[in-house]
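Visitor: Below is the file model-v5.csv, with CSV, C-alpha atoms.
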chain,number,residue,atom,x,y,z
O,1,MET,CA,-18.3,36.7,122.1
O,2,SER,CA,-20.4,37.2,119.0
O,3,SER,CA,-23.4,35.1,118.0
O,4,THR,CA,-21.3,33.6,115.2
O,5,ASP,CA,-19.3,31.9,117.9
O,6,ILE,CA,-22.3,29.8,119.1
O,7,ARG,CA,-21.5,26.2,118.7
O,8,LEU,CA,-24.5,24.6,120.5
O,9,VAL,CA,-28.2,25.5,120.2
O,10,VAL,CA,-30.5,24.0,122.8
O,11,LEU,CA,-34.1,24.1,121.6
O,12,ASP,CA,-37.4,23.5,123.5
O,13,MET,CA,-40.0,21.4,121.8
O,14,ALA,CA,-43.7,22.1,122.5
O,15,GLY,CA,-44.5,25.7,121.7
O,16,THR,CA,-41.0,26.4,120.2
O,17,THR,CA,-40.4,23.8,117.5
O,18,VAL,CA,-43.6,21.7,117.9
O,19,ALA,CA,-47.1,23.2,117.8
O,20,ASP,CA,-48.9,22.8,121.2
O,21,ASP,CA,-52.5,23.8,120.1
O,22,GLY,CA,-53.8,23.3,123.6
O,23,LEU,CA,-52.6,19.6,123.9
O,24,VAL,CA,-51.0,20.2,127.3
O,25,GLU,CA,-54.2,21.7,128.7
O,26,ARG,CA,-56.3,18.9,127.2
O,27,ALA,CA,-54.0,16.2,128.7
O,28,PHE,CA,-54.1,18.1,132.1
O,29,GLN,CA,-57.9,17.8,132.0
O,30,ALA,CA,-57.5,14.0,131.8
O,31,ALA,CA,-55.0,14.1,134.7
O,32,SER,CA,-57.3,16.2,136.9
O,33,ASP,CA,-60.3,13.9,136.1
O,34,ALA,CA,-58.2,10.9,137.2
O,35,LEU,CA,-57.6,12.6,140.5
O,36,GLY,CA,-61.2,13.5,141.0
O,37,VAL,CA,-60.9,17.3,140.5
O,38,GLU,CA,-64.3,18.5,139.1
O,39,ALA,CA,-64.0,20.3,135.8
O,40,GLY,CA,-64.9,24.0,136.1
O,41,SER,CA,-64.6,24.0,139.9
O,42,PRO,CA,-62.5,26.7,141.7
O,43,GLU,CA,-59.9,24.1,142.5
O,44,HIS,CA,-59.7,23.0,138.9
O,45,GLN,CA,-59.4,26.6,137.7
O,46,ARG,CA,-56.6,27.3,140.2
O,47,MET,CA,-54.7,24.2,139.0
O,48,LEU,CA,-55.2,25.2,135.4
O,49,GLU,CA,-53.8,28.6,136.0
O,50,HIS,CA,-50.7,27.0,137.6
O,51,VAL,CA,-50.3,24.7,134.6
O,52,ARG,CA,-50.4,27.7,132.3
O,53,ALA,CA,-48.0,29.8,134.4
O,54,THR,CA,-45.5,26.9,134.6
O,55,MET,CA,-45.5,25.8,131.0
O,56,GLY,CA,-42.0,24.5,130.3
O,57,GLU,CA,-41.4,23.1,133.7
O,58,SER,CA,-41.0,19.3,134.2
O,59,LYS,CA,-44.5,17.9,134.2
O,60,ILE,CA,-43.9,15.6,137.2
O,61,SER,CA,-42.7,18.7,139.2
O,62,VAL,CA,-45.9,20.5,138.3
O,63,PHE,CA,-48.0,17.6,139.5
O,64,ARG,CA,-46.0,17.3,142.7
O,65,HIS,CA,-46.9,21.0,143.4
O,66,LEU,CA,-50.6,20.5,142.6
O,67,PHE,CA,-51.3,17.2,144.3
O,68,GLY,CA,-48.7,17.1,147.0
O,69,ALA,CA,-48.3,13.4,147.8
O,70,GLU,CA,-46.0,11.5,145.5
O,71,GLU,CA,-48.4,8.8,144.8
O,72,ARG,CA,-51.1,11.2,143.6
O,73,ALA,CA,-48.5,13.2,141.6
O,74,GLN,CA,-47.4,10.0,139.9
O,75,GLN,CA,-51.0,9.0,139.2
O,76,ALA,CA,-51.7,12.4,137.6
O,77,ASN,CA,-48.5,12.2,135.5
O,78,VAL,CA,-49.5,8.7,134.2
O,79,ALA,CA,-52.9,10.0,133.2
O,80,PHE,CA,-51.5,13.1,131.6
O,81,GLU,CA,-49.0,11.1,129.5
O,82,ALA,CA,-51.6,8.6,128.5
O,83,ALA,CA,-53.9,11.4,127.3
O,84,TYR,CA,-51.1,13.2,125.5
O,85,HIS,CA,-50.0,10.0,123.8
O,86,ASP,CA,-53.6,9.5,122.6
O,87,LEU,CA,-53.7,13.0,121.2
O,88,VAL,CA,-50.4,12.5,119.3
O,89,ASP,CA,-51.6,9.1,118.0
O,90,ALA,CA,-54.8,10.8,116.8
O,91,GLY,CA,-52.7,13.1,114.6
O,92,HIS,CA,-52.7,16.2,116.9
O,93,CYS,CA,-48.9,16.8,116.6
O,94,GLU,CA,-47.2,18.9,114.0
O,95,ALA,CA,-44.0,21.0,113.6
O,96,LEU,CA,-44.3,24.7,113.8
O,97,PRO,CA,-43.9,26.5,110.5
O,98,GLY,CA,-40.2,26.8,109.6
O,99,ALA,CA,-39.0,24.8,112.6
O,100,ALA,CA,-37.5,21.8,110.7
O,101,GLU,CA,-35.9,24.2,108.2
O,102,ALA,CA,-34.4,26.2,111.0
O,103,ILE,CA,-32.9,23.2,112.7
O,104,ALA,CA,-31.4,22.1,109.4
O,105,GLU,CA,-30.0,25.5,108.8
O,106,LEU,CA,-28.5,25.7,112.3
O,107,ARG,CA,-26.7,22.4,111.7
O,108,ALA,CA,-25.6,23.5,108.2
O,109,GLN,CA,-24.0,26.5,109.9
O,110,GLY,CA,-21.9,24.0,111.8
O,111,ARG,CA,-23.7,24.2,115.1
O,112,LYS,CA,-24.9,21.3,117.3
O,113,VAL,CA,-28.6,21.2,117.9
O,114,VAL,CA,-30.2,19.5,121.0
O,115,LEU,CA,-34.0,19.2,121.5
O,116,THR,CA,-35.2,19.4,125.1
O,117,THR,CA,-38.6,18.9,126.8
O,118,GLY,CA,-40.4,18.9,130.1
O,119,PHE,CA,-42.1,15.7,129.1
O,120,SER,CA,-40.9,12.1,129.9
O,121,ARG,CA,-38.6,10.2,127.5
O,122,ALA,CA,-41.5,8.1,126.3
O,123,THR,CA,-43.6,11.2,125.4
O,124,GLN,CA,-40.6,12.9,123.8
O,125,ASP,CA,-39.8,9.9,121.7
O,126,GLN,CA,-43.5,9.6,120.6
O,127,ILE,CA,-43.5,13.2,119.4
O,128,LEU,CA,-40.2,12.7,117.5
O,129,LYS,CA,-41.6,9.6,115.9
O,130,ALA,CA,-44.8,11.3,114.9
O,131,LEU,CA,-42.9,14.1,113.2
O,132,ASN,CA,-40.3,11.7,111.7
O,133,TRP,CA,-37.7,13.8,113.6
O,134,GLN,CA,-35.7,10.9,115.1
O,135,GLN,CA,-32.6,12.1,113.3
O,136,ILE,CA,-33.3,15.8,112.9
O,137,ALA,CA,-31.1,17.0,115.8
O,138,ASP,CA,-27.8,15.9,117.3
O,139,LEU,CA,-29.4,14.8,120.5
O,140,SER,CA,-32.7,14.9,122.5
O,141,LEU,CA,-32.9,15.2,126.2
O,142,CYS,CA,-35.7,15.0,128.8
O,143,PRO,CA,-35.5,15.8,132.6
O,144,ALA,CA,-34.6,12.2,133.5
O,145,ASP,CA,-31.5,12.5,131.3
O,146,ALA,CA,-30.3,15.6,133.1
O,147,GLY,CA,-31.3,15.3,136.8
O,148,ARG,CA,-33.7,18.2,137.0
O,149,GLY,CA,-36.0,19.8,134.5
O,150,ARG,CA,-36.6,23.5,133.9
O,151,PRO,CA,-36.1,26.1,135.3
O,152,TYR,CA,-32.9,24.5,136.5
O,153,PRO,CA,-29.8,24.7,134.2
O,154,ASP,CA,-29.4,20.9,134.1
O,155,LEU,CA,-30.9,20.2,130.6
O,156,ALA,CA,-28.7,22.9,128.9
O,157,LEU,CA,-25.6,21.9,130.8
O,158,THR,CA,-26.2,18.2,130.0
O,159,ALA,CA,-26.5,19.2,126.3
O,160,LEU,CA,-23.2,21.0,126.6
O,161,LEU,CA,-21.4,18.1,128.2
O,162,ARG,CA,-23.0,15.5,125.8
O,163,THR,CA,-22.0,17.4,122.7
O,164,GLY,CA,-18.5,18.2,123.9
O,165,THR,CA,-19.0,22.0,123.6
O,166,ASP,CA,-16.1,23.9,125.2
O,167,SER,CA,-17.9,26.7,127.0
O,168,VAL,CA,-21.3,27.9,128.1
O,169,HIS,CA,-20.4,31.1,126.2
O,170,GLN,CA,-20.7,29.0,123.0
O,171,MET,CA,-24.3,28.1,123.8
O,172,ALA,CA,-27.7,29.5,122.8
O,173,VAL,CA,-30.9,28.4,124.5
O,174,ALA,CA,-34.3,29.1,122.8
O,175,GLY,CA,-37.8,28.5,124.0
O,176,ASP,CA,-41.4,29.9,124.4
O,177,THR,CA,-41.6,30.1,128.2
O,178,GLY,CA,-40.1,32.0,131.1
O,179,TYR,CA,-38.8,28.7,132.4
O,180,ASP,CA,-36.8,28.2,129.2
O,181,MET,CA,-35.3,31.7,129.7
O,182,LEU,CA,-34.4,30.9,133.3
O,183,THR,CA,-32.7,27.7,132.2
O,184,GLY,CA,-30.6,29.6,129.7
O,185,VAL,CA,-29.6,32.3,132.1
O,186,ARG,CA,-28.7,29.9,134.9
O,187,ALA,CA,-26.7,27.8,132.5
O,188,GLY,CA,-24.7,30.9,131.4
O,189,ALA,CA,-25.8,30.8,127.8
O,190,ALA,CA,-24.5,33.6,125.6
O,191,VAL,CA,-27.9,33.9,123.8
O,192,VAL,CA,-31.2,33.3,125.5
O,193,ALA,CA,-33.9,33.6,122.8
O,194,GLY,CA,-37.6,33.7,123.5
O,195,VAL,CA,-40.1,32.9,120.8
O,196,LEU,CA,-43.7,34.1,120.6
O,197,THR,CA,-45.3,30.9,119.2
O,198,GLY,CA,-46.1,29.3,122.6
O,199,ALA,CA,-47.1,29.9,126.2
O,200,HIS,CA,-45.6,33.2,127.4
O,201,ASP,CA,-45.6,36.7,126.0
O,202,ALA,CA,-42.6,39.0,125.3
O,203,GLU,CA,-42.9,40.7,128.7
O,204,ARG,CA,-42.7,37.4,130.6
O,205,LEU,CA,-39.8,36.2,128.4
O,206,ARG,CA,-37.8,39.4,128.9
O,207,ALA,CA,-38.5,39.4,132.7
O,208,ASP,CA,-37.0,36.0,133.0
O,209,GLY,CA,-33.9,36.9,131.1
O,210,ALA,CA,-34.4,36.7,127.3
O,211,THR,CA,-31.6,38.4,125.4
O,212,HIS,CA,-33.7,38.4,122.3
O,213,VAL,CA,-37.4,37.9,121.5
O,214,LEU,CA,-38.2,36.4,118.1
O,215,ALA,CA,-41.5,36.0,116.3
O,216,SER,CA,-40.6,32.3,115.8
O,217,ILE,CA,-37.8,29.8,115.8
O,218,ALA,CA,-37.5,30.4,112.1
O,219,GLU,CA,-35.7,33.7,112.9
O,220,LEU,CA,-33.0,32.1,115.0
O,221,PRO,CA,-30.5,31.0,112.2
O,222,ALA,CA,-30.3,34.5,110.8
O,223,LEU,CA,-29.8,35.9,114.3
O,224,LEU,CA,-26.9,33.6,115.0
O,225,ALA,CA,-25.4,34.2,111.6
O,226,GLN,CA,-25.2,38.0,112.2
Output the structure of this file as structure tokens.
Guide:
Amino acid sequence: MSSTDIRLVVLDMAGTTVADDGLVERAFQAASDALGVEAGSPEHQRMLEHVRATMGESKISVFRHLFGAEERAQQANVAFEAAYHDLVDAGHCEALPGAAEAIAELRAQGRKVVLTTGFSRATQDQILKALNWQQIADLSLCPADAGRGRPYPDLALTALLRTGTDSVHQMAVAGDTGYDMLTGVRAGAAVVAGVLTGAHDAERLRADGATHVLASIAELPALLAQ
């Protein structure tokens, strides 16, 4: 099946279509502070390295790994989201160059576009509102909509079901992390495109299954039109 047969494009948000600019790490600092982890300590550094390595994963899953007990994980997640919301409200949220145009072009090509995230629905909606993107895609999904977040295939497969796409072979998945790539591979997507505007480099993206590595999401419409 050629790329022109792709009917559904599942796109990550932060790092892929939306600039991150360190917002996740800044919000994590607030979460670790709330849990009493001293900034600059070995424990804090270990946790920060895990956050960086697992960019793209559902945030509550990351906090469950870091803090163990569900109550502590939920406390960290609440603090993280509050800090992230404050950063967005302060204007620290913008689309990556060419992202809005790429989404518009993909839809003009007759493809469905679904935006996915590892954030909660409240955070996702706040980002979409800040960018005036409420109507930019056919659908937006967060882990709670699908069952499990990345690296599981649930988000991509839920996008396929919700849009009425006939086959996984008609689906492309794009993102900036290895977890996005694993999601695409496990969902059976025909195209799994990594972009170099976010957390992980080309080596990590290819190791986790990228079929293509692009400089940015702006290159995706031309790739699928080949």
Visitor: Give me the residues within 12 Å of Leu224 of chain O as a PyMOL selection string, counting all atoms listed in the file and dropping any in the same chain fewer than 6 places off.
Guide: chain O and resi 1-9+102+105-107+109-111+170-174+190-193+212+217-218
Visitor: Please compute the atom CA of Pro151 of chain O-atom CA of Ala225 of chain O distance, one decimal, in Å.
Guide: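 Here the two named atoms are 27.2 Å from each other.
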Visitor: What does the distance between atom CA of Ala95 of chain O and atom CA of Ala130 of chain O come to in Å, to one decimal place?
Guide: 9.8 Å
Visitor: Name the residues in contact with Ala34 of chain O at a cut-off of 8 Å, using all atoms listed in the file, excluding same-chain residues fewer than 4 positions from it; report them as a CSV table (one decimal) with C-alpha atoms, keeping the file's coordinate frame.
Guide:
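The result, stored in part.csv:
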chain,number,residue,atom,x,y,z
O,30,ALA,CA,-57.5,14.0,131.8
O,75,GLN,CA,-51.0,9.0,139.2
O,76,ALA,CA,-51.7,12.4,137.6
O,79,ALA,CA,-52.9,10.0,133.2
Visitor: Quick one: residues within 8 Å of Leu139 of chain O, only C-alpha atoms counted, chain neighbours fewer than 6 positions away excluded, as a list in words?
Guide: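 These residues fall inside the cut-off: Val113, Val114, Leu115 and Ala159 of chain O.
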Visitor: If you measure from atom CA of His44 of chain O to atom CA of Phe28 of chain O, what distance in Å do you get, rounded to one decimal?
Guide: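 Distance between the two atoms: 10.1 Å.
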Visitor: Can you pull out the residues contacting Gly118 of chain O? Cut-off 7 Å, using all atoms listed in the file, and skip same-chain residues under 3 positions away; I want them as a list in words.
Guide: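 Non-adjacent residues within range: Gly56, Glu57, Ser58, Lys59, Cys142, Pro143 and Gly149 of chain O.
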Visitor: Go ahead and save the residues from that selection, with C-alpha atoms, as a PDB file, in the coordinates of the input.
Guide:
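Just written: again-v2.pdb:
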ATOM      1  CA  GLY O  56     -42.000  24.500 130.300  1.00  0.00           C
ATOM      2  CA  GLU O  57     -41.400  23.100 133.700  1.00  0.00           C
ATOM      3  CA  SER O  58     -41.000  19.300 134.200  1.00  0.00           C
ATOM      4  CA  LYS O  59     -44.500  17.900 134.200  1.00  0.00           C
ATOM      5  CA  CYS O 142     -35.700  15.000 128.800  1.00  0.00           C
ATOM      6  CA  PRO O 143     -35.500  15.800 132.600  1.00  0.00           C
ATOM      7  CA  GLY O 149     -36.000  19.800 134.500  1.00  0.00           C
TER       8      GLY O 149
END
Visitor: I'd like the box whose edges run along x, y and z of the file and which contains every listed atom of segment 73-90 of chain O, padded by 5 Å per side; could you state its centre and edge lengths in Å, one decimal, as AutoDock Vina command-line options?
Guide:
--center_x -51.1 --center_y 10.9 --center_z 129.2 --size_x 17.4 --size_y 14.6 --size_z 34.8
Visitor: Check the smallest atom-to-atom distance from each of O:Ala53, O:Val88, O:Val78, O:Ala215 to Ile127 of chain O using only C-alpha atoms, then report the winner.
Guide: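 Smallest distance to Ile127 of chain O is found for O:Val88.
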Visitor: Identify which of the residues O:Glu25, O:Glu43, O:Asp20, O:Asp33 lies closest to Cys93 of chain O, counting only C-alpha atoms when measuring atom-to-atom distances.
Guide: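 So, comparing all the options, the nearest one is O:Asp20.
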